[in-house]
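Participant: The structure follows.
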Amino acid sequence: MKRRRPLRALRRRMRRQTTRLRSVLLRRFFLPRREGRAAVLRYAAVLDGQTVNLHARMPRWVRPDEDARIELRRRGRRLATAARVYTDHDGGVAMDAAILLGQDVNGLPLTPGRWKIRLRLSQGLRRTLPLLLVDLPVPYGGPTRPMEAAAATGARYRLGRGVTGNARVTFSPAQPSAEVVRVHVTHSQVEVAFRVAGGEPEAPWAEFVASGRRLRAGVDRADGGLWQVSVPLHLMAPRRDRAEQWDLVLCSGNLRDMRLGRRLHDVRNPGRVFAYRQTAVTPVGQHPMLVLPRYTPAGNFRIQCSPMTEAA
């Protein structure tokens, strides 16, 4: 582990230096030579994990009444969606486009890999323009952050650029994950409903894991494509005079073991935003205890069981 940290830091420095070098080359060499032959993106970002929003300044010769569309190209395939060319507030000609990606949400059906983004003009000279991405998207601050993956499917769409600055979007299929949807605590058990993104588990079961303890529970189908698991609270009662943390792991015959959590969102602090109430229960044959479902900063789901005396 100690050897890996310097290597990771070195790779990060190299990536930053490469990014700065490419930015300098683009601004000082490619951009001046391509002026008038390309549209320059002033804004480019992937919103909600699957919608690419673009705003570009057009060359002077482009008319504001152009019929335009965005084309995504990869290995001979072309996918297209509408774009709007208009006169901007400062008198220049601009372009706006919102590109929904993903067949599962009725968007463009991308296949895995890098797709070039270009602008097709249908009137006038009928030209195809590259879209230059001068500045890469910068994460913003605040309680939310950019979506790293589509909430509906878990697929990942990342904006980038080639050596000459041409914009492109990279599609990566969803990595299997188990996403918590509902949690219900009664005086006898905890019930958790969840969905699995990026895969379909075969013969699944769940394991509630604490320090030195492991409970196996069956997983059942629920409505709306969800799965459901429950465990009796008397089996989770703390054996010591301090809180015990239970992780919930989904196991199956075909997918890797996955900790249940909540990761397909844009919240920086899931533990605070997706907070649950603490519940006081008295399991059969056990002392009173407090049950608190919660999320870690990484989004992993946990159930905290504490002796009532500790809270007092």
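Order determines the names: the first chain of the structure tokens is A, the second B, and so forth; residues in each chain are numbered 1 upward, and ligands are numbered 1 upward as they are shown.
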Could you give me, as a list of chain:residue names, each residue of range 32-278 of chain A that DSSP assigns to helix (DSSP H, G or I) when run on this structure's backbone?

Facilitator: A:Pro32, A:Arg33, A:Arg34, A:Gln103, A:Asp104, A:Val105, A:Asp223, A:Gly224, A:Gly225, A:Leu233, A:His234, A:Leu235, A:Pro270, A:Gly271, A:Arg272, A:Val273

Participant: Name the residues in contact with range 42-47 of chain A at a cut-off of 7 Å, using only C-alpha atoms, excluding same-chain residues fewer than 5 positions from it; report them as a PyMOL selection string.

Facilitator: chain A and resi 52-57+137+146-147

Participant: Output all heavy atoms for every residue in that selection, as a PDB file, in the first residue's frame.

Facilitator:
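Wrote it out as selection-v4.pdb, contents follow:
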```pdb
ATOM      1  N   VAL A  52     -25.899  15.846 -22.368  1.00  0.00           N
ATOM      2  CA  VAL A  52     -24.784  16.716 -22.716  1.00  0.00           C
ATOM      3  C   VAL A  52     -25.347  18.068 -23.139  1.00  0.00           C
ATOM      4  O   VAL A  52     -26.096  18.163 -24.111  1.00  0.00           O
ATOM      5  CB  VAL A  52     -23.944  16.109 -23.856  1.00  0.00           C
ATOM      6  CG1 VAL A  52     -22.818  17.065 -24.250  1.00  0.00           C
ATOM      7  CG2 VAL A  52     -23.368  14.762 -23.442  1.00  0.00           C
ATOM      8  N   ASN A  53     -24.984  19.118 -22.417  1.00  0.00           N
ATOM      9  CA  ASN A  53     -25.397  20.479 -22.748  1.00  0.00           C
ATOM     10  C   ASN A  53     -24.230  21.228 -23.376  1.00  0.00           C
ATOM     11  O   ASN A  53     -23.140  21.267 -22.810  1.00  0.00           O
ATOM     12  CB  ASN A  53     -25.879  21.223 -21.500  1.00  0.00           C
ATOM     13  CG  ASN A  53     -27.320  20.902 -21.178  1.00  0.00           C
ATOM     14  OD1 ASN A  53     -27.729  19.744 -21.266  1.00  0.00           O
ATOM     15  ND2 ASN A  53     -28.084  21.889 -20.796  1.00  0.00           N
ATOM     16  N   LEU A  54     -24.484  21.845 -24.540  1.00  0.00           N
ATOM     17  CA  LEU A  54     -23.439  22.534 -25.283  1.00  0.00           C
ATOM     18  C   LEU A  54     -23.880  23.947 -25.633  1.00  0.00           C
ATOM     19  O   LEU A  54     -25.037  24.181 -25.984  1.00  0.00           O
ATOM     20  CB  LEU A  54     -23.117  21.787 -26.593  1.00  0.00           C
ATOM     21  CG  LEU A  54     -22.700  20.316 -26.475  1.00  0.00           C
ATOM     22  CD1 LEU A  54     -22.553  19.712 -27.864  1.00  0.00           C
ATOM     23  CD2 LEU A  54     -21.411  20.169 -25.675  1.00  0.00           C
ATOM     24  N   HIS A  55     -22.947  24.887 -25.534  1.00  0.00           N
ATOM     25  CA  HIS A  55     -23.148  26.251 -26.007  1.00  0.00           C
ATOM     26  C   HIS A  55     -21.870  26.673 -26.712  1.00  0.00           C
ATOM     27  O   HIS A  55     -20.779  26.618 -26.126  1.00  0.00           O
ATOM     28  CB  HIS A  55     -23.451  27.212 -24.864  1.00  0.00           C
ATOM     29  CG  HIS A  55     -23.492  28.649 -25.286  1.00  0.00           C
ATOM     30  ND1 HIS A  55     -24.515  29.190 -26.021  1.00  0.00           N
ATOM     31  CD2 HIS A  55     -22.588  29.649 -25.099  1.00  0.00           C
ATOM     32  CE1 HIS A  55     -24.267  30.467 -26.256  1.00  0.00           C
ATOM     33  NE2 HIS A  55     -23.100  30.768 -25.702  1.00  0.00           N
ATOM     34  N   ALA A  56     -21.972  27.067 -27.985  1.00  0.00           N
ATOM     35  CA  ALA A  56     -20.787  27.371 -28.780  1.00  0.00           C
ATOM     36  C   ALA A  56     -20.935  28.705 -29.498  1.00  0.00           C
ATOM     37  O   ALA A  56     -22.052  29.122 -29.843  1.00  0.00           O
ATOM     38  CB  ALA A  56     -20.529  26.257 -29.802  1.00  0.00           C
ATOM     39  N   ARG A  57     -19.804  29.369 -29.718  1.00  0.00           N
ATOM     40  CA  ARG A  57     -19.742  30.558 -30.548  1.00  0.00           C
ATOM     41  C   ARG A  57     -19.394  30.119 -31.969  1.00  0.00           C
ATOM     42  O   ARG A  57     -18.404  29.425 -32.185  1.00  0.00           O
ATOM     43  CB  ARG A  57     -18.713  31.542 -30.009  1.00  0.00           C
ATOM     44  CG  ARG A  57     -18.483  32.778 -30.880  1.00  0.00           C
ATOM     45  CD  ARG A  57     -19.765  33.522 -31.189  1.00  0.00           C
ATOM     46  NE  ARG A  57     -20.491  33.933 -30.024  1.00  0.00           N
ATOM     47  CZ  ARG A  57     -20.334  35.117 -29.444  1.00  0.00           C
ATOM     48  NH1 ARG A  57     -19.487  35.979 -29.951  1.00  0.00           N
ATOM     49  NH2 ARG A  57     -21.045  35.425 -28.397  1.00  0.00           N
ATOM     50  N   PRO A 137     -14.573  20.718 -18.555  1.00  0.00           N
ATOM     51  CA  PRO A 137     -15.509  21.070 -17.485  1.00  0.00           C
ATOM     52  C   PRO A 137     -14.835  21.049 -16.118  1.00  0.00           C
ATOM     53  O   PRO A 137     -14.046  20.157 -15.811  1.00  0.00           O
ATOM     54  CB  PRO A 137     -16.581  19.969 -17.597  1.00  0.00           C
ATOM     55  CG  PRO A 137     -16.465  19.456 -18.994  1.00  0.00           C
ATOM     56  CD  PRO A 137     -15.025  19.578 -19.363  1.00  0.00           C
ATOM     57  N   PRO A 146     -21.350  17.383  -9.917  1.00  0.00           N
ATOM     58  CA  PRO A 146     -21.782  16.785 -11.182  1.00  0.00           C
ATOM     59  C   PRO A 146     -22.051  15.297 -11.026  1.00  0.00           C
ATOM     60  O   PRO A 146     -21.366  14.597 -10.274  1.00  0.00           O
ATOM     61  CB  PRO A 146     -20.587  17.042 -12.109  1.00  0.00           C
ATOM     62  CG  PRO A 146     -19.853  18.181 -11.496  1.00  0.00           C
ATOM     63  CD  PRO A 146     -20.048  18.055 -10.025  1.00  0.00           C
ATOM     64  N   MET A 147     -23.053  14.826 -11.736  1.00  0.00           N
ATOM     65  CA  MET A 147     -23.380  13.402 -11.707  1.00  0.00           C
ATOM     66  C   MET A 147     -22.273  12.624 -12.411  1.00  0.00           C
ATOM     67  O   MET A 147     -21.950  12.888 -13.560  1.00  0.00           O
ATOM     68  CB  MET A 147     -24.711  13.149 -12.399  1.00  0.00           C
ATOM     69  CG  MET A 147     -25.919  13.647 -11.630  1.00  0.00           C
ATOM     70  SD  MET A 147     -26.345  12.572 -10.229  1.00  0.00           S
ATOM     71  CE  MET A 147     -26.939  11.121 -11.083  1.00  0.00           C
TER      72      MET A 147
END
```

Participant: Measure the distance from CA of Phe171 in chain A to CA of Ala97 in chain A in Å and round it to one decimal.

Facilitator: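 Atom-to-atom, CA of Phe171 in chain A and CA of Ala97 in chain A are spaced 18.5 Å apart.
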
Participant: Set the distance at 8 Å and use only C-alpha atoms: which residues neighbour Leu110 in chain A once local chain neighbours fewer than 3 positions away are removed? I'd like the list as a list in words.

Facilitator: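 Contacts, in chain order: Leu101, Gly102, Gln103 and Phe171 of chain A.
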
Participant: Using only C-alpha atoms, which of the listed residues (A:Asn300, A:Thr170, A:Thr186, A:Thr128) sits closest to Arg37 in chain A?

Facilitator: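 Among A:Asn300, A:Thr170, A:Thr186, A:Thr128, it is A:Thr128 that comes nearest to Arg37 in chain A.
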
Participant: Give me, please, the distance in Å between CA of Ala243 in chain A and CA of His184 in chain A, quoted to one decimal.

Facilitator: 19.8 Å

Participant: Could you jot down the CA of Ile99 in chain A to CA of Arg127 in chain A separation for me, Å, one decimal place?

Facilitator: 20.3 Å

Participant: Which polymer residues have any atom within 7 Å of an atom of Ile70 in chain A, counting only C-alpha atoms, with same-chain residues fewer than 6 positions away left out, as a PyMOL selection string?

Facilitator: chain A and resi 80-83+117-120

Participant: Neighbouring residues of Pro204 in chain A were defined as those with any atom within 10 Å, considering only C-alpha atoms; residues of the same chain fewer than 5 positions away were excluded. Please report them as a list in words.

Facilitator: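 Within the cut-off, the hits are Ala217, Gly218, Val219, Asp220, Trp227, Leu250, Cys251, Ser252, Gly253, Asn254, Leu255 and Asp257 of chain A.
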
Participant: Store the residues picked out above, limited to N, CA and C atoms, as a short mmCIF file (atom, residue, chain, number, x, y, z; two decimals), in the first residue's frame.

Facilitator:
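The resulting result35.cif:
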```
data_model
loop_
_atom_site.label_atom_id
_atom_site.label_comp_id
_atom_site.auth_asym_id
_atom_site.auth_seq_id
_atom_site.Cartn_x
_atom_site.Cartn_y
_atom_site.Cartn_z
N ALA A 217 -29.27 -13.80 4.85
CA ALA A 217 -30.71 -13.57 4.69
C ALA A 217 -31.11 -13.77 3.24
N GLY A 218 -32.33 -14.25 3.04
CA GLY A 218 -32.84 -14.44 1.69
C GLY A 218 -33.24 -13.12 1.05
N VAL A 219 -33.18 -13.08 -0.28
CA VAL A 219 -33.55 -11.90 -1.07
C VAL A 219 -34.73 -12.27 -1.95
N ASP A 220 -35.77 -11.45 -1.92
CA ASP A 220 -36.98 -11.72 -2.68
C ASP A 220 -37.23 -10.62 -3.70
N TRP A 227 -35.60 -5.49 -5.42
CA TRP A 227 -35.35 -6.65 -4.57
C TRP A 227 -35.57 -6.22 -3.13
N LEU A 250 -24.70 -7.75 -0.97
CA LEU A 250 -25.47 -8.58 -1.89
C LEU A 250 -24.54 -9.59 -2.55
N CYS A 251 -24.91 -10.85 -2.48
CA CYS A 251 -24.13 -11.92 -3.10
C CYS A 251 -25.00 -12.63 -4.13
N SER A 252 -24.37 -13.20 -5.14
CA SER A 252 -25.12 -13.92 -6.17
C SER A 252 -24.19 -14.90 -6.87
N GLY A 253 -24.79 -15.68 -7.77
CA GLY A 253 -23.99 -16.69 -8.46
C GLY A 253 -23.26 -16.16 -9.66
N ASN A 254 -23.56 -14.93 -10.10
CA ASN A 254 -22.94 -14.44 -11.34
C ASN A 254 -22.27 -13.08 -11.22
N LEU A 255 -22.55 -12.31 -10.16
CA LEU A 255 -21.95 -10.99 -10.01
C LEU A 255 -21.03 -10.98 -8.79
N ASP A 257 -19.58 -9.71 -5.23
CA ASP A 257 -20.26 -9.27 -4.02
C ASP A 257 -20.28 -7.74 -3.99
#
```

Participant: Taking only C-alpha atoms into account, name the residue in A:Leu121, A:Arg156, A:Lys116, A:Arg259 that is nearest to Asp65 in chain A.

Facilitator: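 Counting only C-alpha atoms, the residue closest to Asp65 in chain A is A:Leu121.
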
Participant: Set the distance at 6 Å and use only C-alpha atoms: which residues neighbour Arg73 in chain A once local chain neighbours fewer than 4 positions away are removed? I'd like the list as a list in words.

Facilitator: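 Returned residues: Arg77, Arg78, Trp115 and Lys116 of chain A.
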
Participant: Using the selection just defined, write its residues with N, CA and C atoms as a compact mmCIF listing (two decimals), in the first residue's frame.

Facilitator:
```
# COMPACT_ATOMS: atom_id res chain seq x y z
N ARG A 77 -20.52 4.77 -37.68
CA ARG A 77 -21.88 5.01 -37.20
C ARG A 77 -22.08 6.49 -36.97
N ARG A 78 -23.29 6.96 -37.27
CA ARG A 78 -23.64 8.36 -37.04
C ARG A 78 -24.99 8.43 -36.34
N TRP A 115 -16.84 8.84 -28.86
CA TRP A 115 -17.65 9.35 -29.96
C TRP A 115 -17.27 10.80 -30.24
N LYS A 116 -16.96 11.11 -31.51
CA LYS A 116 -16.67 12.48 -31.92
C LYS A 116 -17.97 13.28 -31.99
```

Participant: Taking 4 positions as the minimum chain separation for residues in the same chain, which residues sit within 10 Å of Arg240 in chain A when counting only C-alpha atoms? Answer as a list of chain:residue names.

Facilitator: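 In the requested format, the answer is A:Glu244, A:Ser306, A:Pro307.
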